[in-house]
Amino acid sequence: MIEKCSYGDYVIVYNGQIYNTKELKKTLSENGFSFNTHSDTEVLLKSYIHYGNDVVNYLNGIFAFAIWDSRKKELFLARDHFGVKPLFYTIKNGCLVFASEIKALFEYPEVEKVLDNQSICELFGIGPAHTPGTTVFKNIYEIKPAHYAVFNSYGLHINRYWALKSEEYTDNLHVTCDKVKYLLQDSITSQLVSDVPLCTFLSGGLDSSIITKFAADYCKENGLPPLDTYSIDYVDNDKNFVKSDFQPNSDNYYINLMNKSLHTNHHQVVIDTPELASYLEDAMIARDMPGMADIDSSLLLFCKNVKNEMTVSLTGECADEIFGGYPWFFREDSLNSGTFPWSIAIDERQKLLNPSIGSKVNLKSYIDYRYNESLSEVEILDCDSKDTAERRKISHLTLNWFMQTLLDRSDRMAMYNGFEIRVPFCDYRLAQYVWNIPWEIKALNGREKGLLRYVCRDFLPDEIVDRKKSPYPKTHNPTYLAKVKGMLSDIMKDTNAPINNLLNRDYILDILNTDGSSFTRPWFGQLMTGPQLMAYLCQVNMWLERYQPKIEL
């Protein structure tokens, strides 16, 4: 939620949560500051007054904020370490216009919705991810994660205040486990502080079970009511579930196992297929661009239902990125793919473009440029083993691209419902420590998240610890394919539909005729196959109709 506060010559607008508010407030009080509220907004503003631009080096939290100093006639903007909270801007006629959503910028006079060559590359080459600092719209940017900016009469000046640092690792396994457990527990408990109803999302996987275990213990130790937990499922998924390498088992058995062992109050939200399809447009609006199709709309609906009873949830998001949980950390073909391993369908993406546009836009060249640009930032040490060096590269890409997409998804789908998601695994201190752990330890026993599993053996059931990674659950109901296929077919019957100006009509009809199998690889990540591709194309048309961008190539 956006908050505003003023103090003397300073005014702040702020979105987020500062987890070390108590410590900051103590330091400020010792330096003569007094407080009129219990709000972290007031603490943040007075921290800026005390520390100036260096304030970002003292913050632990998720935040995007802007502070106006009327004496200096200067605006200070900042974004949290991993960009959990969004912050967009454009400069128009010498004025800096900023907001938490792109759509808000368009309310300012003369800010145009324009797609250029780079926009098309971002939308269809990189999307639903995006290059840090950019958006799909020409001349509209974002403050990058771990950056701050100062805007004054001399213009806009952007600085980076934090980055993962490669350092020689000297801890043994025992010390490593102790430090990881401490950092996890400290991050989770600091994020449990709330003056509104709080819960956890529980899938029965390793990551959400860790969060729920620490949270449930915290409630018990502090005399609080039992923790509420929530999970998502889909109508008839029990009948239609099919095992795959990416999704080897369903969640319900493991959720029940955790709740029995922790005595939490569990709630299951069941989503029906028509709802998933009907909320595709809402999910697109929440992102201001086409996204992860029903992977987005399902989370939006999940948050919408949980918001009836809760306001904040902790989730296990980001553990896979930080501890090495994805298949591409282990597969040689992924490590040697020469591109983003979660987005390898480059030829198919190019083929999606209308030939008249495709002749002017080379997606592969753009993707290669962004891929190599990102890899050039990775600091490899002479002491790194070959495996550790390779995983530094893939970890860097995963943290700065794939994780950013999932964090954006979580925040947008949640905040669309006035709901807040917190991500304890995304604590920058934990990420920094784990970054330097050698791959041989991180992937202990040759397992994905092997170290994390080892750390948790003394406080989680063995079945949870040993469970193979299973991603965010999607619907397996065949009626979903029928629904989105019908939606896309209706769009294609209208030859004036704006999607025909941008994309290859014949190829889309081929995709429809083959239920998506003619698009030979997942569109994005592990789950976006035939039905999700069709839903994505529906979102593209919805987006074009709603935003009506100009195309300038």
# chains A, B, ... in the order shown; residues from 1 in each chain; ligands from 1
$ residues_around --residues "Ile551 in chain A" --least-positions-apart "6" --cutoff "12 Å" --atoms "only C-alpha atoms" --output "PyMOL selection string"
chain A and resi 112-120+136-138+357+498+501-502+544
$ write_last_selection --atoms "N, CA, C and O atoms" --output "CSV table (one decimal), in the first residue's frame"
chain,number,residue,atom,x,y,z
A,112,GLU,N,3.3,9.0,-23.8
A,112,GLU,CA,2.7,8.1,-24.9
A,112,GLU,C,3.0,6.7,-24.7
A,112,GLU,O,4.0,6.3,-24.1
A,113,LYS,N,2.1,5.8,-25.3
A,113,LYS,CA,2.3,4.4,-25.3
A,113,LYS,C,2.9,4.0,-26.7
A,113,LYS,O,2.1,3.9,-27.6
A,114,VAL,N,4.1,3.8,-26.7
A,114,VAL,CA,4.8,3.6,-28.0
A,114,VAL,C,5.6,2.3,-27.9
A,114,VAL,O,6.4,2.1,-26.9
A,115,LEU,N,5.6,1.5,-28.9
A,115,LEU,CA,6.4,0.3,-29.0
A,115,LEU,C,7.4,0.5,-30.2
A,115,LEU,O,7.0,0.9,-31.3
A,116,ASP,N,8.7,0.4,-29.9
A,116,ASP,CA,9.7,0.5,-30.9
A,116,ASP,C,10.4,-0.9,-31.1
A,116,ASP,O,9.9,-1.9,-30.6
A,117,ASN,N,11.5,-1.0,-31.8
A,117,ASN,CA,12.1,-2.2,-32.1
A,117,ASN,C,12.5,-3.0,-30.8
A,117,ASN,O,12.3,-4.2,-30.6
A,118,GLN,N,13.1,-2.2,-29.8
A,118,GLN,CA,13.4,-2.8,-28.5
A,118,GLN,C,12.2,-3.3,-27.8
A,118,GLN,O,12.2,-4.4,-27.2
A,119,SER,N,11.1,-2.6,-27.9
A,119,SER,CA,9.9,-3.0,-27.2
A,119,SER,C,9.4,-4.4,-27.7
A,119,SER,O,9.0,-5.3,-26.9
A,120,ILE,N,9.4,-4.6,-29.1
A,120,ILE,CA,9.0,-5.9,-29.6
A,120,ILE,C,10.0,-7.0,-29.2
A,120,ILE,O,9.6,-8.1,-28.9
A,136,VAL,N,8.4,-2.5,-21.6
A,136,VAL,CA,8.1,-2.8,-23.0
A,136,VAL,C,7.7,-1.5,-23.8
A,136,VAL,O,7.5,-1.5,-25.0
A,137,PHE,N,7.6,-0.4,-23.0
A,137,PHE,CA,7.2,0.9,-23.7
A,137,PHE,C,8.4,1.8,-23.9
A,137,PHE,O,9.3,1.9,-23.0
A,138,LYS,N,8.5,2.4,-25.0
A,138,LYS,CA,9.6,3.3,-25.3
A,138,LYS,C,9.6,4.5,-24.3
A,138,LYS,O,8.6,5.1,-24.0
A,357,ILE,N,6.9,-7.4,-39.6
A,357,ILE,CA,7.6,-6.9,-38.4
A,357,ILE,C,8.9,-7.8,-38.2
A,357,ILE,O,10.0,-7.3,-37.9
A,498,PRO,N,-6.4,-6.6,-33.2
A,498,PRO,CA,-5.0,-6.0,-33.3
A,498,PRO,C,-3.9,-7.0,-33.3
A,498,PRO,O,-2.8,-6.6,-33.8
A,501,ASN,N,-2.0,-7.5,-36.5
A,501,ASN,CA,-1.0,-6.5,-37.0
A,501,ASN,C,0.4,-6.8,-36.5
A,501,ASN,O,1.4,-6.3,-37.0
A,502,LEU,N,0.4,-7.5,-35.4
A,502,LEU,CA,1.7,-7.7,-34.7
A,502,LEU,C,2.2,-9.1,-34.8
A,502,LEU,O,3.5,-9.3,-35.0
A,544,LEU,N,-3.3,-5.2,-26.4
A,544,LEU,CA,-3.3,-4.3,-27.5
A,544,LEU,C,-4.6,-3.5,-27.6
A,544,LEU,O,-4.6,-2.3,-27.9
$ select_by_dssp --residues "range 22-96 of chain A" --states "helix (DSSP H, G or I)" --output "list in words"
Lys22, Glu23, Leu24, Lys25, Lys26, Thr27, Leu28, Ser29, Glu30, Asp40, Thr41, Glu42, Val43, Leu44, Leu45, Lys46, Ser47, Tyr48, Ile49, His50, Tyr51, Gly52, Asn53, Asp54, Val55, Val56, Asn57 and Tyr58 of chain A
$ write_last_selection --atoms "N, CA and C atoms" --output "short mmCIF file (atom, residue, chain, number, x, y, z; two decimals), in the first residue's frame"
data_model
loop_
_atom_site.label_atom_id
_atom_site.label_comp_id
_atom_site.auth_asym_id
_atom_site.auth_seq_id
_atom_site.Cartn_x
_atom_site.Cartn_y
_atom_site.Cartn_z
N LYS A 22 12.69 -1.45 14.07
CA LYS A 22 12.98 -1.33 15.51
C LYS A 22 14.41 -0.87 15.74
N GLU A 23 15.35 -1.47 15.02
CA GLU A 23 16.75 -1.10 15.20
C GLU A 23 17.01 0.33 14.70
N LEU A 24 16.42 0.68 13.58
CA LEU A 24 16.58 2.04 13.05
C LEU A 24 16.02 3.07 14.02
N LYS A 25 14.86 2.78 14.56
CA LYS A 25 14.20 3.71 15.48
C LYS A 25 15.04 3.93 16.73
N LYS A 26 15.67 2.88 17.21
CA LYS A 26 16.53 2.99 18.40
C LYS A 26 17.71 3.92 18.12
N THR A 27 18.36 3.73 16.96
CA THR A 27 19.50 4.58 16.59
C THR A 27 19.07 6.03 16.43
N LEU A 28 17.93 6.24 15.78
CA LEU A 28 17.44 7.60 15.56
C LEU A 28 17.09 8.27 16.88
N SER A 29 16.47 7.53 17.79
CA SER A 29 16.12 8.09 19.10
C SER A 29 17.38 8.52 19.85
N GLU A 30 18.43 7.73 19.74
CA GLU A 30 19.70 8.07 20.40
C GLU A 30 20.34 9.30 19.79
N ASP A 40 6.43 2.51 9.99
CA ASP A 40 7.78 2.44 9.43
C ASP A 40 8.01 3.54 8.40
N THR A 41 6.93 4.15 7.93
CA THR A 41 7.07 5.27 6.99
C THR A 41 7.77 6.45 7.67
N GLU A 42 7.36 6.76 8.89
CA GLU A 42 7.99 7.85 9.63
C GLU A 42 9.45 7.52 9.93
N VAL A 43 9.72 6.28 10.29
CA VAL A 43 11.09 5.86 10.57
C VAL A 43 11.95 5.96 9.32
N LEU A 44 11.40 5.58 8.19
CA LEU A 44 12.15 5.65 6.93
C LEU A 44 12.47 7.09 6.57
N LEU A 45 11.51 7.97 6.69
CA LEU A 45 11.74 9.38 6.36
C LEU A 45 12.81 9.98 7.26
N LYS A 46 12.72 9.72 8.55
CA LYS A 46 13.70 10.30 9.48
C LYS A 46 15.06 9.63 9.34
N SER A 47 15.07 8.38 8.88
CA SER A 47 16.35 7.73 8.59
C SER A 47 17.04 8.44 7.42
N TYR A 48 16.25 8.84 6.42
CA TYR A 48 16.82 9.60 5.30
C TYR A 48 17.36 10.94 5.77
N ILE A 49 16.60 11.61 6.62
CA ILE A 49 17.06 12.91 7.14
C ILE A 49 18.39 12.74 7.88
N HIS A 50 18.53 11.62 8.58
CA HIS A 50 19.75 11.37 9.37
C HIS A 50 20.92 10.91 8.50
N TYR A 51 20.66 9.96 7.59
CA TYR A 51 21.75 9.35 6.82
C TYR A 51 21.94 9.95 5.43
N GLY A 52 20.94 10.68 4.93
CA GLY A 52 21.03 11.19 3.57
C GLY A 52 20.93 10.07 2.55
N ASN A 53 21.64 10.20 1.43
CA ASN A 53 21.56 9.19 0.37
C ASN A 53 22.05 7.82 0.82
N ASP A 54 22.85 7.78 1.87
CA ASP A 54 23.37 6.51 2.38
C ASP A 54 22.30 5.70 3.12
N VAL A 55 21.11 6.22 3.26
CA VAL A 55 20.06 5.52 4.00
C VAL A 55 19.84 4.11 3.46
N VAL A 56 19.99 3.92 2.15
CA VAL A 56 19.74 2.61 1.55
C VAL A 56 20.66 1.53 2.11
N ASN A 57 21.83 1.93 2.62
CA ASN A 57 22.78 0.97 3.17
C ASN A 57 22.38 0.50 4.57
N TYR A 58 21.34 1.08 5.12
CA TYR A 58 20.89 0.72 6.48
C TYR A 58 19.54 0.02 6.48
#
$ closest_residue --among "A:Leu184, A:Ile255, A:Ala293, A:Ile380" --to "Ala277 in chain A" --atoms "only C-alpha atoms"
A:Ala293
$ residues_around --residues "range 66-82 of chain A" --least-positions-apart "5" --cutoff "6 Å" --atoms "only C-alpha atoms" --output "list of chain:residue names"
A:Asp9, A:Tyr10, A:Val11, A:Ile12, A:Val13, A:Pro145, A:Ala146, A:Tyr148, A:Ala149, A:Val150, A:Phe151, A:Asn152
$ closest_residue --among "A:Tyr169, A:Trp401, A:Tyr108, A:Tyr371" --to "Val434 in chain A" --atoms "only C-alpha atoms"
A:Tyr169
$ select_by_dssp --residues "range 19-223 of chain A" --states "strand (DSSP E or B)" --output "PyMOL selection string"
chain A and resi 61-69+74-79+88-92+95-99+114-115+141-142+147-152+155-160+198-201
$ atom_distance --atom1 "CA of Glu167 in chain A" --atom2 "CA of Ala443 in chain A"
18.6 Å
$ atom_distance --atom1 "CA of Leu381 in chain A" --atom2 "CA of Pro341 in chain A"
23.4 Å
$ residues_around --residues "Ile499 in chain A" --least-positions-apart "2" --cutoff "9 Å" --atoms "only C-alpha atoms" --output "PyMOL selection string"
chain A and resi 491-492+496-497+501-505+537-538+540-542+544-545
